[in-house]
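Source file start.cif; content: mmCIF, C-alpha atoms.
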```cif
data_entry
loop_
_atom_site.label_atom_id
_atom_site.label_comp_id
_atom_site.auth_asym_id
_atom_site.auth_seq_id
_atom_site.Cartn_x
_atom_site.Cartn_y
_atom_site.Cartn_z
CA PHE Z 66 12.66 0.12 -9.22
CA ALA Z 67 14.41 2.80 -11.27
CA ARG Z 68 14.09 0.70 -14.42
CA ALA Z 69 10.45 -0.21 -13.71
CA TYR Z 70 9.39 3.41 -13.18
CA ASP Z 71 11.59 5.01 -15.84
CA GLY Z 72 9.42 7.57 -17.63
CA HIS Z 73 6.48 7.19 -15.23
CA PRO Z 74 4.16 10.24 -15.27
CA PHE Z 75 4.26 10.97 -11.52
CA ILE Z 76 6.67 8.54 -9.82
CA TYR Z 77 10.42 9.06 -10.02
CA VAL Z 78 13.13 6.73 -8.72
CA PRO Z 79 16.73 8.01 -8.97
CA LYS Z 80 18.88 6.09 -11.41
CA VAL Z 81 21.64 3.94 -9.95
CA GLN Z 82 25.18 4.90 -10.95
CA SER Z 83 26.45 1.36 -11.28
CA ARG Z 84 29.90 2.47 -12.46
CA LEU Z 85 30.45 4.22 -9.12
CA SER Z 86 28.77 1.56 -6.97
CA ARG Z 87 30.34 -1.38 -5.17
CA ARG Z 88 28.99 -4.36 -3.25
CA ARG Z 89 28.58 -2.33 -0.06
CA VAL Z 90 28.12 1.13 -1.56
CA LEU Z 91 25.18 2.13 -3.75
CA VAL Z 92 25.50 5.45 -5.57
CA SER Z 93 22.39 6.95 -7.12
CA GLU Z 94 21.48 10.11 -8.97
CA TYR Z 95 21.01 13.28 -6.92
CA VAL Z 96 17.41 14.50 -6.83
CA ASP Z 97 16.30 17.97 -5.81
CA GLY Z 98 12.82 18.66 -4.46
CA ARG Z 99 10.61 19.90 -1.64
CA ASP Z 100 10.60 17.88 1.57
CA PHE Z 101 7.62 16.40 3.39
CA GLU Z 102 7.23 19.35 5.79
CA TYR Z 103 6.66 21.58 2.77
CA VAL Z 104 4.09 19.16 1.35
CA LYS Z 105 2.16 19.12 4.64
CA ARG Z 106 1.54 22.87 4.26
CA LEU Z 107 0.08 22.61 0.77
CA PRO Z 108 -3.67 23.05 0.07
CA GLN Z 109 -5.91 20.02 0.60
CA ASP Z 110 -6.23 19.08 -3.08
CA GLU Z 111 -2.45 19.06 -3.56
CA ARG Z 112 -1.94 16.97 -0.42
CA ASP Z 113 -4.56 14.55 -1.72
CA ILE Z 114 -2.65 14.16 -4.98
CA PHE Z 115 0.62 13.59 -3.13
CA GLY Z 116 -1.06 11.03 -0.88
CA GLU Z 117 -2.53 9.16 -3.85
CA ILE Z 118 0.89 9.03 -5.51
CA VAL Z 119 2.47 7.54 -2.38
CA PHE Z 120 -0.41 5.06 -2.07
CA ARG Z 121 -0.06 4.01 -5.70
CA PHE Z 122 3.67 3.54 -5.35
CA CYS Z 123 3.49 1.55 -2.10
CA PHE Z 124 0.61 -0.78 -2.98
CA GLY Z 125 0.82 -0.57 -6.76
CA SER Z 126 4.40 -1.86 -6.80
CA ILE Z 127 3.12 -5.11 -5.29
CA TYR Z 128 0.75 -5.74 -8.19
CA HIS Z 129 2.78 -4.24 -11.03
CA LEU Z 130 6.26 -5.40 -10.00
CA GLN Z 131 5.67 -8.11 -7.37
CA HIS Z 132 8.21 -6.11 -5.37
CA PHE Z 133 7.69 -3.26 -2.90
CA ASN Z 134 9.61 -0.84 -0.71
CA ALA Z 135 8.80 -1.46 2.97
CA ASP Z 136 10.47 1.73 4.26
CA THR Z 137 7.48 4.08 4.06
CA HIS Z 138 9.16 7.02 5.79
CA PRO Z 139 8.20 10.63 4.93
CA GLY Z 140 11.88 11.55 4.76
CA ASN Z 141 12.15 9.30 1.70
CA TYR Z 142 9.80 11.41 -0.45
CA LEU Z 143 10.54 14.61 -2.38
CA LEU Z 144 8.08 16.70 -4.38
CA MET Z 145 9.86 17.67 -7.59
CA ASP Z 146 9.28 20.94 -9.45
CA ASP Z 147 7.36 19.17 -12.23
CA GLY Z 148 4.87 17.62 -9.75
CA ARG Z 149 6.37 14.13 -9.71
CA VAL Z 150 7.27 12.51 -6.40
CA ALA Z 151 10.79 11.12 -6.02
CA PHE Z 152 11.15 8.00 -3.88
CA LEU Z 153 14.47 7.52 -2.13
CA ASP Z 154 16.17 4.85 0.00
CA PHE Z 155 15.61 1.26 -1.12
CA GLY Z 156 17.43 -0.48 1.71
CA MET Z 157 14.34 -2.47 2.77
CA THR Z 158 12.42 -4.11 -0.05
CA LYS Z 159 10.47 -7.32 -0.42
CA ARG Z 160 9.76 -9.56 -3.39
CA LEU Z 161 6.52 -11.54 -3.42
CA GLU Z 162 5.59 -14.72 -5.22
CA PRO Z 163 2.51 -14.45 -7.49
CA GLU Z 164 0.79 -17.13 -5.39
CA GLN Z 165 1.12 -15.01 -2.26
CA ILE Z 166 -0.31 -11.97 -4.02
CA MET Z 167 -3.22 -14.06 -5.27
CA LEU Z 168 -4.02 -15.13 -1.71
CA GLU Z 169 -4.00 -11.52 -0.55
CA GLN Z 170 -6.29 -10.61 -3.44
CA ARG Z 171 -8.67 -13.33 -2.28
CA ALA Z 172 -8.68 -11.90 1.24
CA VAL Z 173 -9.38 -8.37 0.01
CA ASP Z 174 -12.12 -9.70 -2.27
CA ALA Z 175 -13.78 -11.65 0.55
CA ALA Z 176 -13.72 -8.65 2.89
CA SER Z 177 -15.03 -6.34 0.16
CA ARG Z 178 -17.90 -8.75 -0.58
CA ASP Z 179 -18.60 -9.14 3.16
CA ASP Z 180 -18.08 -12.93 3.04
CA PRO Z 181 -16.76 -13.93 6.52
CA GLY Z 182 -16.28 -17.59 5.63
CA ALA Z 183 -14.21 -16.86 2.53
CA LEU Z 184 -12.18 -14.29 4.45
CA ARG Z 185 -11.36 -16.75 7.22
CA GLU Z 186 -10.35 -19.36 4.64
CA ALA Z 187 -8.10 -16.91 2.77
CA LEU Z 188 -6.39 -15.60 5.91
CA ASP Z 189 -5.89 -19.13 7.16
CA GLU Z 190 -4.23 -20.13 3.89
CA ILE Z 191 -1.89 -17.12 4.10
CA GLY Z 192 -0.99 -18.12 7.65
CA PHE Z 193 -2.60 -15.31 9.63
CA LEU Z 194 -4.67 -17.61 11.89
CA ARG Z 195 -3.34 -19.95 14.56
CA ASP Z 196 -6.49 -22.11 14.63
CA ALA Z 197 -9.09 -21.11 12.05
CA ASP Z 198 -11.76 -23.44 13.45
CA ALA Z 199 -11.59 -21.68 16.82
CA ILE Z 200 -12.22 -18.24 15.30
CA ASP Z 201 -15.66 -16.75 14.79
CA ALA Z 202 -15.73 -15.73 11.12
CA GLN Z 203 -17.99 -12.72 11.60
CA ARG Z 204 -15.91 -11.36 14.45
CA LEU Z 205 -12.81 -11.83 12.30
CA MET Z 206 -14.54 -9.88 9.54
CA ASP Z 207 -15.35 -7.07 11.97
CA HIS Z 208 -11.72 -6.92 13.07
CA VAL Z 209 -10.36 -6.89 9.52
CA LYS Z 210 -12.75 -4.14 8.49
CA PHE Z 211 -11.82 -2.07 11.52
CA VAL Z 212 -8.13 -2.29 10.63
CA GLY Z 213 -8.33 -2.28 6.82
CA GLY Z 214 -11.63 -0.51 6.35
CA TRP Z 215 -9.90 2.54 4.92
CA TYR Z 216 -9.35 0.69 1.65
CA LEU Z 217 -12.20 -1.84 1.98
CA GLU Z 218 -15.01 0.72 2.26
CA ASP Z 219 -16.31 2.13 -1.04
CA GLN Z 220 -16.37 5.78 -0.03
CA GLU Z 221 -14.17 8.85 0.01
CA LEU Z 222 -12.26 8.76 3.27
CA GLU Z 223 -9.86 11.19 4.95
CA ILE Z 224 -7.01 9.50 6.83
CA THR Z 225 -6.66 11.14 10.23
CA THR Z 226 -4.20 10.67 13.06
CA LYS Z 227 -7.09 9.67 15.33
CA ARG Z 228 -8.08 6.89 12.95
CA VAL Z 229 -4.52 5.55 12.74
CA MET Z 230 -4.08 5.57 16.51
CA LYS Z 231 -7.36 3.68 16.95
CA MET Z 232 -6.24 1.06 14.43
CA ILE Z 233 -2.94 0.60 16.24
CA GLU Z 234 -4.82 0.32 19.52
CA VAL Z 235 -7.04 -2.54 18.37
CA THR Z 236 -4.03 -4.55 17.22
CA SER Z 237 -1.79 -4.06 20.25
CA ASP Z 238 -3.63 -2.77 23.34
CA PRO Z 239 -4.87 -5.49 25.76
CA ARG Z 240 -7.77 -3.19 26.65
CA SER Z 241 -9.14 -3.10 23.09
CA ASP Z 242 -12.37 -4.88 22.14
CA PHE Z 243 -10.51 -7.04 19.62
CA TYR Z 244 -7.51 -8.07 21.72
CA ASP Z 245 -8.91 -11.57 22.21
CA MET Z 246 -9.01 -11.87 18.43
CA VAL Z 247 -5.45 -10.56 18.09
CA ARG Z 248 -4.20 -13.33 20.37
CA LYS Z 249 -5.61 -15.91 17.94
CA GLU Z 250 -3.91 -14.33 14.95
CA ALA Z 251 -0.34 -14.51 13.71
CA VAL Z 252 1.88 -12.57 11.32
CA PRO Z 253 3.69 -14.93 8.92
CA ALA Z 254 7.30 -14.03 8.19
CA ASP Z 255 6.50 -13.31 4.54
CA GLU Z 256 3.80 -10.84 5.61
CA LEU Z 257 5.77 -8.92 8.22
CA MET Z 258 7.28 -6.34 5.88
CA GLY Z 259 3.93 -5.84 4.16
CA ARG Z 260 2.30 -4.95 7.45
CA ARG Z 261 5.21 -2.61 8.21
CA MET Z 262 4.71 -0.90 4.88
CA GLU Z 263 0.97 -0.54 5.39
CA THR Z 264 1.32 0.92 8.89
CA GLY Z 265 3.98 3.39 7.75
CA LEU Z 266 1.88 4.40 4.76
CA LEU Z 267 -1.10 5.11 7.00
CA ALA Z 268 1.05 7.33 9.21
CA VAL Z 269 2.21 9.28 6.16
CA LEU Z 270 -1.35 9.71 4.84
CA ALA Z 271 -2.54 10.82 8.28
CA GLN Z 272 0.09 13.56 8.43
CA LEU Z 273 -1.16 14.76 5.05
CA ARG Z 274 -4.82 14.32 6.09
CA ALA Z 275 -5.12 12.85 2.60
CA LYS Z 276 -8.56 12.14 1.22
CA ALA Z 277 -9.55 9.69 -1.54
CA ASN Z 278 -11.70 6.68 -2.30
CA TRP Z 279 -8.85 4.28 -1.54
CA HIS Z 280 -11.09 1.29 -2.19
CA ARG Z 281 -11.73 2.31 -5.80
CA ILE Z 282 -7.98 2.63 -6.40
CA MET Z 283 -7.38 -0.78 -4.81
CA ARG Z 284 -9.97 -2.32 -7.13
CA GLU Z 285 -7.81 -1.35 -10.12
CA TRP Z 286 -5.26 -3.91 -8.90
CA VAL Z 287 -7.44 -6.56 -7.27
CA TYR Z 288 -10.12 -6.71 -10.00
CA ALA Z 289 -8.29 -5.01 -12.90
CA GLU Z 290 -11.10 -2.45 -13.05
CA LYS Z 291 -10.79 0.76 -15.03
CA PRO Z 292 -8.88 3.55 -13.27
CA SER Z 293 -10.98 5.63 -10.93
CA THR Z 294 -8.82 8.79 -10.96
CA VAL Z 295 -6.87 10.94 -13.41
CA LEU Z 296 -3.62 9.66 -11.93
CA GLY Z 297 -4.82 6.10 -12.40
CA GLU Z 298 -5.56 6.71 -16.08
CA ALA Z 299 -2.10 8.16 -16.63
CA GLU Z 300 -0.45 5.28 -14.80
CA TRP Z 301 -2.27 2.54 -16.68
CA ARG Z 302 -1.42 4.17 -20.01
CA TYR Z 303 2.22 4.11 -18.90
CA PHE Z 304 2.23 0.40 -18.02
CA GLU Z 305 0.30 -0.49 -21.16
CA ARG Z 306 2.92 1.28 -23.30
CA ARG Z 307 5.66 -0.64 -21.54
CA GLY Z 308 3.81 -3.91 -21.95
CA THR Z 309 3.88 -4.45 -18.20
CA SER Z 310 0.72 -5.91 -16.73
CA GLN Z 311 -0.27 -6.53 -13.16
CA THR Z 312 -0.15 -9.91 -11.43
CA PRO Z 313 -2.82 -12.25 -12.84
CA GLY Z 314 -6.12 -11.41 -11.16
CA LEU Z 315 -8.45 -13.45 -9.03
CA PRO Z 316 -9.38 -16.99 -10.05
CA SER Z 317 -12.30 -17.09 -12.48
CA ARG Z 318 -14.55 -18.68 -9.86
CA VAL Z 319 -14.36 -15.41 -7.90
#
```

Will you turn the file into structure tokens for me?
Amino acid sequence: FARAYDGHPFIYVPKVQSRLSRRRVLVSEYVDGRDFEYVKRLPQDERDIFGEIVFRFCFGSIYHLQHFNADTHPGNYLLMDDGRVAFLDFGMTKRLEPEQIMLEQRAVDAASRDDPGALREALDEIGFLRDADAIDAQRLMDHVKFVGGWYLEDQELEITTKRVMKMIEVTSDPRSDFYDMVRKEAVPADELMGRRMETGLLAVLAQLRAKANWHRIMREWVYAEKPSTVLGEAEWRYFERRGTSQTPGLPSRV
């Protein structure tokens, strides 16, 4: 991660001191910065920028590096004096095969296009459904949009604690309207850490009350569309200079 983000305009990963490290001890560069409690007290526009940076690091690493950090804990972020965000603690990471990322792109595409049949097919192929034929595709679509609507809806959206709690409720509370659907779903082993990352990220964004059009940012990775924000433009210039491209996009038929 330190090598991949070396020189990045707003993401900083401390360099590993390999000479001082051993098999069971990892020594990295010391980073100074403001903690998350400080960031939470910043004005709305600055919290929004911080939230977008965290979002781009968490999800963007999947598409740029095929590797992501699943430990989305606010204690692992520091706001540096130059405005960059330092990301610490890489004890829980996950590598993904390009084929798995392609399947997830298909699922996001189907949900974004409001195509229940294609969504059910994509989620079934990933392994999220116990018996796809027994699941109503439209009801599945409604459930997915309720949980992932924050980055599937093309609108500016503030992430609130109330929204996060409601999303957790519909995936775990037997009293929720979608609990019957949850019982027909599964979480494949390869997807477990991704769901952990996404839930933790939402909790972080809710504490910031961060606001953005998360869908437009996601489209940069899923459809290779032009960046929708100033941060996105800076990031894509960085990866272009390095000659690092994202995972191949959706199949041409999509």

Residues within 10 Å of Phe122 (chain Z), all atoms listed in the file, excluding chain neighbours under 5 positions, as a PDB file with C-alpha atoms, in the coordinates of the input:
```pdb
ATOM      1  CA  TYR Z  70       9.390   3.410 -13.180  1.00  0.00           C
ATOM      2  CA  PHE Z  75       4.260  10.970 -11.520  1.00  0.00           C
ATOM      3  CA  ILE Z  76       6.670   8.540  -9.820  1.00  0.00           C
ATOM      4  CA  TYR Z  77      10.420   9.060 -10.020  1.00  0.00           C
ATOM      5  CA  GLY Z 116      -1.060  11.030  -0.880  1.00  0.00           C
ATOM      6  CA  GLU Z 117      -2.530   9.160  -3.850  1.00  0.00           C
ATOM      7  CA  ILE Z 127       3.120  -5.110  -5.290  1.00  0.00           C
ATOM      8  CA  HIS Z 129       2.780  -4.240 -11.030  1.00  0.00           C
ATOM      9  CA  PHE Z 133       7.690  -3.260  -2.900  1.00  0.00           C
ATOM     10  CA  ASN Z 134       9.610  -0.840  -0.710  1.00  0.00           C
ATOM     11  CA  VAL Z 150       7.270  12.510  -6.400  1.00  0.00           C
ATOM     12  CA  PHE Z 152      11.150   8.000  -3.880  1.00  0.00           C
TER      13      PHE Z 152
END
```

Nearby residues (only C-alpha atoms) at most 9 Å from Arg121 (chain Z), same-chain spacing under 6 positions excluded, as a VMD selection string
chain Z and resid 282 to 283 297

Residues from last step as file, C-alpha atoms, as a PDB file, in the coordinates of the input:
```pdb
ATOM      1  CA  ILE Z 282      -7.980   2.630  -6.400  1.00  0.00           C
ATOM      2  CA  MET Z 283      -7.380  -0.780  -4.810  1.00  0.00           C
ATOM      3  CA  GLY Z 297      -4.820   6.100 -12.400  1.00  0.00           C
TER       4      GLY Z 297
END
```

Rank nothing, just name the residue among Z:Arg248, Z:Asp136, Z:Leu273, Z:Val212 nearest to Thr225 (chain Z), using all atoms listed in the file.
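Nearest to Thr225 (chain Z): Z:Leu273.
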
Please identify all polymer residues within 9 Å of Leu143 (chain Z), counting all atoms listed in the file, omitting same-chain residues fewer than 4 positions from it, and present them as number ranges by chain.
Z: 96-101, 104, 139, 149-153

Please write the residues picked by the PyMOL selection byres ((chain Z and resi 132) around 10) on this file as a list of chain:residue names.
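Expected selection for the PyMOL selection byres ((chain Z and resi 132) around 10) here is Z:Phe66, Z:Cys123, Z:Phe124, Z:Gly125, Z:Ser126, Z:Ile127, Z:Tyr128, Z:His129, Z:Leu130, Z:Gln131, Z:Phe133, Z:Asn134, Z:Ala135, Z:Thr158, Z:Lys159, Z:Arg160, Z:Leu161, Z:Glu162.
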
Region 79-170 of chain Z near region 188-200 of chain Z within 12 Å: what's each residue's closest atom pair and its distance in Å to one decimal, counting all atoms listed in the file, ordered by chain then ascending residue number, as CSV?
```
residue,atom,partner,partner_atom,distance
Z:Glu164,CA,Z:Ile191,CA,9.9
Z:Gln165,CA,Z:Ile191,CA,7.3
Z:Ile166,CA,Z:Ile191,CA,9.7
Z:Met167,CA,Z:Ile191,CA,9.9
Z:Leu168,CA,Z:Ile191,CA,6.5
Z:Glu169,CA,Z:Ile191,CA,7.6
Z:Gln170,CA,Z:Leu188,CA,10.6
```

Find the residues around region 233-235 of chain Z up to 12 Å (all atoms listed in the file counted), leave out those fewer than 4 positions away in its own chain, and share them as a ChimeraX atom specification.
/Z:207-213,226-229,239-248,260-261,263-265,267-268

Atoms to include: C-alpha atoms. Write the selected residues as a compact mmCIF listing (two decimals), keeping the file's coordinate frame.
```
# COMPACT_ATOMS: atom_id res chain seq x y z
CA ASP Z 207 -15.35 -7.07 11.97
CA HIS Z 208 -11.72 -6.92 13.07
CA VAL Z 209 -10.36 -6.89 9.52
CA LYS Z 210 -12.75 -4.14 8.49
CA PHE Z 211 -11.82 -2.07 11.52
CA VAL Z 212 -8.13 -2.29 10.63
CA GLY Z 213 -8.33 -2.28 6.82
CA THR Z 226 -4.20 10.67 13.06
CA LYS Z 227 -7.09 9.67 15.33
CA ARG Z 228 -8.08 6.89 12.95
CA VAL Z 229 -4.52 5.55 12.74
CA PRO Z 239 -4.87 -5.49 25.76
CA ARG Z 240 -7.77 -3.19 26.65
CA SER Z 241 -9.14 -3.10 23.09
CA ASP Z 242 -12.37 -4.88 22.14
CA PHE Z 243 -10.51 -7.04 19.62
CA TYR Z 244 -7.51 -8.07 21.72
CA ASP Z 245 -8.91 -11.57 22.21
CA MET Z 246 -9.01 -11.87 18.43
CA VAL Z 247 -5.45 -10.56 18.09
CA ARG Z 248 -4.20 -13.33 20.37
CA ARG Z 260 2.30 -4.95 7.45
CA ARG Z 261 5.21 -2.61 8.21
CA GLU Z 263 0.97 -0.54 5.39
CA THR Z 264 1.32 0.92 8.89
CA GLY Z 265 3.98 3.39 7.75
CA LEU Z 267 -1.10 5.11 7.00
CA ALA Z 268 1.05 7.33 9.21
```

What does the PyMOL selection byres ((chain Z and resi 113-115) around 9) select in this file, as an MDAnalysis selection string?
chainID Z and resid 104 108:112 116:120 144 148:150 270 273:277 296

What does the structure give for the distance between CA of Tyr216 (chain Z) and CA of His280 (chain Z), in Å to one decimal?
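Computing it gives 4.3 Å between the two atoms.
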
List, as a ChimeraX atom specification, every residue that the PyMOL selection byres ((chain Z and resi 203) around 10) selects in the file provided.
/Z:179-182,184-185,200-202,204-209

Among the residues Z:Val287, Z:Arg307, Z:Glu94, Z:Gly72, the one that comes closest to Ser177 (chain Z) [using only C-alpha atoms]:
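When distances to Ser177 (chain Z) are compared using only C-alpha atoms, the smallest one comes from Z:Val287.
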
Tell me, in Å to one decimal, how far CA of Ala172 (chain Z) is from CA of Lys249 (chain Z).
17.4 Å

Please report the interatomic distance between CA of Arg171 (chain Z) and CA of Glu305 (chain Z) in Å with one decimal.
24.5 Å

Write out as a list in words the residues lying within 12 Å of Lys291 (chain Z), counting only C-alpha atoms and excluding same-chain residues fewer than 6 positions away.
Arg281, Ile282, Met283, Arg284, Glu285, Gly297, Glu298, Ala299, Glu300, Trp301 and Arg302 of chain Z

Edge lengths and centre, in Å to one decimal, as AutoDock Vina command-line options: that's what I need for the box along x, y and z that holds all listed atoms of region 192-207 of chain Z plus 5 Å on each side.
```
--center_x -9.5 --center_y -15.3 --center_z 12.2 --size_x 27.0 --size_y 26.4 --size_z 19.2
```
